[in-house]
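K.L.:
Take a look at this one; I'll ask things after.
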Amino acid sequence: MKQFTISQEHISTYPNPIILKKGEEVYYGKEDTEFPNWIFCKSISTRKSGWVPKQILSTPNNSGIAKVTKDYSAHELTVNQGQTVFGIENLNEWTYCKTQNGEFGWIPSYCLSRT
């Protein structure tokens, strides 16, 4: 894990994130224009919607349904400038991190500075 310092505050805008299990089916929606390769999906089983990385989705079928290829949570972290976090995975200009309190979630990569 890489250690980062938060250089810019980030406040989560999705308090009730989509959480998906490998093999789950989703409606494959539109791609984000600000952060390419994030697809807005809706879970068929839970009806929750949220952003999912294109890399973990199968090609949608003729009905616009794709399968998730690995477990995923869209949980975003709310972080303050100067806070230390540990980066686990970087994907499509976002980094999946762990806080010093043990909370896991996504932060926009532009908010992170390498320490």
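FYI, nothing fancy with the structure tokens labels: chains A, B, ... in order, residues from 1 per chain, ligands from 1 as they appear.
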Excluding same-chain residues fewer than 3 positions from A:Gln100, what lies within 9 Å of it counting only C-alpha atoms, as a VMD selection string?

P.N.:
chain A and resid 83 to 86 103

K.L.:
Excluding same-chain residues fewer than 3 positions from A:Tyr96, what lies within 7 Å of it counting only C-alpha atoms, as a PyMOL selection string?

P.N.:
chain A and resi 87-90+105-107

K.L.:
Would you please work out which residue, of A:Lys67, A:Lys98, A:His75, A:Lys54, is nearest to A:Ile11 when using only C-alpha atoms?

P.N.:
A:His75

K.L.:
What's around A:Lys22 at 12 Å? Count only C-alpha atoms, leave out sequence neighbours fewer than 3 positions away in its own chain, and write the answer as a ChimeraX atom specification.

P.N.:
/A:19,25-26,56-58,66-73

K.L.:
Create the file for the chosen residues now, containing C-alpha atoms and written as a PDB file, in the first residue's frame.

P.N.:
ATOM      1  CA  ILE A  19     -22.521  -2.664  -3.507  1.00  0.00           C
ATOM      2  CA  GLU A  25     -26.355  -8.504 -13.040  1.00  0.00           C
ATOM      3  CA  VAL A  26     -26.733  -4.765 -13.592  1.00  0.00           C
ATOM      4  CA  ILE A  56     -15.229  -5.072 -13.842  1.00  0.00           C
ATOM      5  CA  LEU A  57     -18.253  -5.279 -16.145  1.00  0.00           C
ATOM      6  CA  SER A  58     -18.896  -7.765 -18.921  1.00  0.00           C
ATOM      7  CA  ALA A  66     -23.918  -6.776 -17.853  1.00  0.00           C
ATOM      8  CA  LYS A  67     -22.410  -9.045 -15.215  1.00  0.00           C
ATOM      9  CA  VAL A  68     -20.030  -7.897 -12.488  1.00  0.00           C
ATOM     10  CA  THR A  69     -16.709  -9.778 -12.632  1.00  0.00           C
ATOM     11  CA  LYS A  70     -15.607  -9.090  -9.022  1.00  0.00           C
ATOM     12  CA  ASP A  71     -17.022  -7.847  -5.717  1.00  0.00           C
ATOM     13  CA  TYR A  72     -17.307  -4.047  -5.651  1.00  0.00           C
ATOM     14  CA  SER A  73     -18.405  -1.210  -3.385  1.00  0.00           C
TER      15      SER A  73
END

K.L.:
Report, in Å to a single decimal, how far apart atom CA of A:Tyr28 and atom CA of A:Gly64 are.

P.N.:
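Atom CA of A:Tyr28 lies 5.5 Å from atom CA of A:Gly64.
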
K.L.:
Using only C-alpha atoms, which residues sit within 7 Å of A:Arg114 once same-chain residues fewer than 3 positions away are excluded, as a list in words?

P.N.:
Gln3, Phe4 and Thr5 of chain A

K.L.:
Extract, using only C-alpha atoms, all DNA, RNA and protein residues at most 9 Å from A:Gln8, discarding same-chain residues fewer than 3 positions from it, and format them as a VMD selection string.

P.N.:
chain A and resid 79 to 82 110 to 112

K.L.:
Measuring between only C-alpha atoms, which one of A:Ser63, A:Ala74, A:Leu20, A:Lys30 shows the shortest distance to A:Ser43?

P.N.:
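The shortest atom-to-atom distance to A:Ser43 comes from A:Leu20.
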
K.L.:
Could you pull out the strand (DSSP E) residues of stretch 52-85 of chain A from DSSP and send them as a PyMOL selection string?

P.N.:
chain A and resi 52-53+65-67+72-73+84-85

K.L.:
In Å, how far is it from atom CA of A:Ser109 to atom CA of A:Ser49?

P.N.:
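These atoms are spaced 22.4 Å apart.
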
K.L.:
Between atom CA of A:Arg47 and atom CA of A:Pro108, what distance in Å does the model show, to one decimal?

P.N.:
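Computing it gives 25.4 Å between the two atoms.
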
K.L.:
Based on DSSP run over this structure's backbone, return all residues of stretch 14-111 of chain A in helix (DSSP H, G or I), as number ranges by chain.

P.N.:
A: 54-56, 109-111

K.L.:
Could you dump the residues just selected with N, CA, C and O atoms as a PDB file, in the first residue's frame?

P.N.:
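Done, and the output landed in selection16.pdb:
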ATOM      1  N   LYS A  54     -15.758   0.330 -15.542  1.00  0.00           N
ATOM      2  CA  LYS A  54     -16.004  -0.456 -16.756  1.00  0.00           C
ATOM      3  C   LYS A  54     -15.197  -1.754 -16.764  1.00  0.00           C
ATOM      4  O   LYS A  54     -15.642  -2.773 -17.281  1.00  0.00           O
ATOM      5  N   GLN A  55     -14.008  -1.725 -16.138  1.00  0.00           N
ATOM      6  CA  GLN A  55     -13.104  -2.873 -16.137  1.00  0.00           C
ATOM      7  C   GLN A  55     -13.674  -4.094 -15.420  1.00  0.00           C
ATOM      8  O   GLN A  55     -13.180  -5.194 -15.612  1.00  0.00           O
ATOM      9  N   ILE A  56     -14.683  -3.913 -14.564  1.00  0.00           N
ATOM     10  CA  ILE A  56     -15.229  -5.072 -13.842  1.00  0.00           C
ATOM     11  C   ILE A  56     -16.616  -5.460 -14.354  1.00  0.00           C
ATOM     12  O   ILE A  56     -17.331  -6.202 -13.702  1.00  0.00           O
ATOM     13  N   SER A 109      -8.276  10.773  -7.295  1.00  0.00           N
ATOM     14  CA  SER A 109      -6.812  10.752  -7.208  1.00  0.00           C
ATOM     15  C   SER A 109      -6.202  12.149  -7.134  1.00  0.00           C
ATOM     16  O   SER A 109      -5.142  12.333  -6.554  1.00  0.00           O
ATOM     17  N   TYR A 110      -6.890  13.161  -7.696  1.00  0.00           N
ATOM     18  CA  TYR A 110      -6.347  14.522  -7.630  1.00  0.00           C
ATOM     19  C   TYR A 110      -6.321  15.075  -6.195  1.00  0.00           C
ATOM     20  O   TYR A 110      -5.669  16.084  -5.941  1.00  0.00           O
ATOM     21  N   CYS A 111      -6.985  14.426  -5.262  1.00  0.00           N
ATOM     22  CA  CYS A 111      -6.981  14.853  -3.857  1.00  0.00           C
ATOM     23  C   CYS A 111      -5.799  14.299  -3.082  1.00  0.00           C
ATOM     24  O   CYS A 111      -5.642  14.611  -1.895  1.00  0.00           O
TER      25      CYS A 111
END

K.L.:
Between A:Thr78, A:Thr59, A:Thr46, A:Thr95, which is the closest to A:His10 once you count only C-alpha atoms?

P.N.:
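Nearest candidate to A:His10 out of A:Thr78, A:Thr59, A:Thr46, A:Thr95: A:Thr78.
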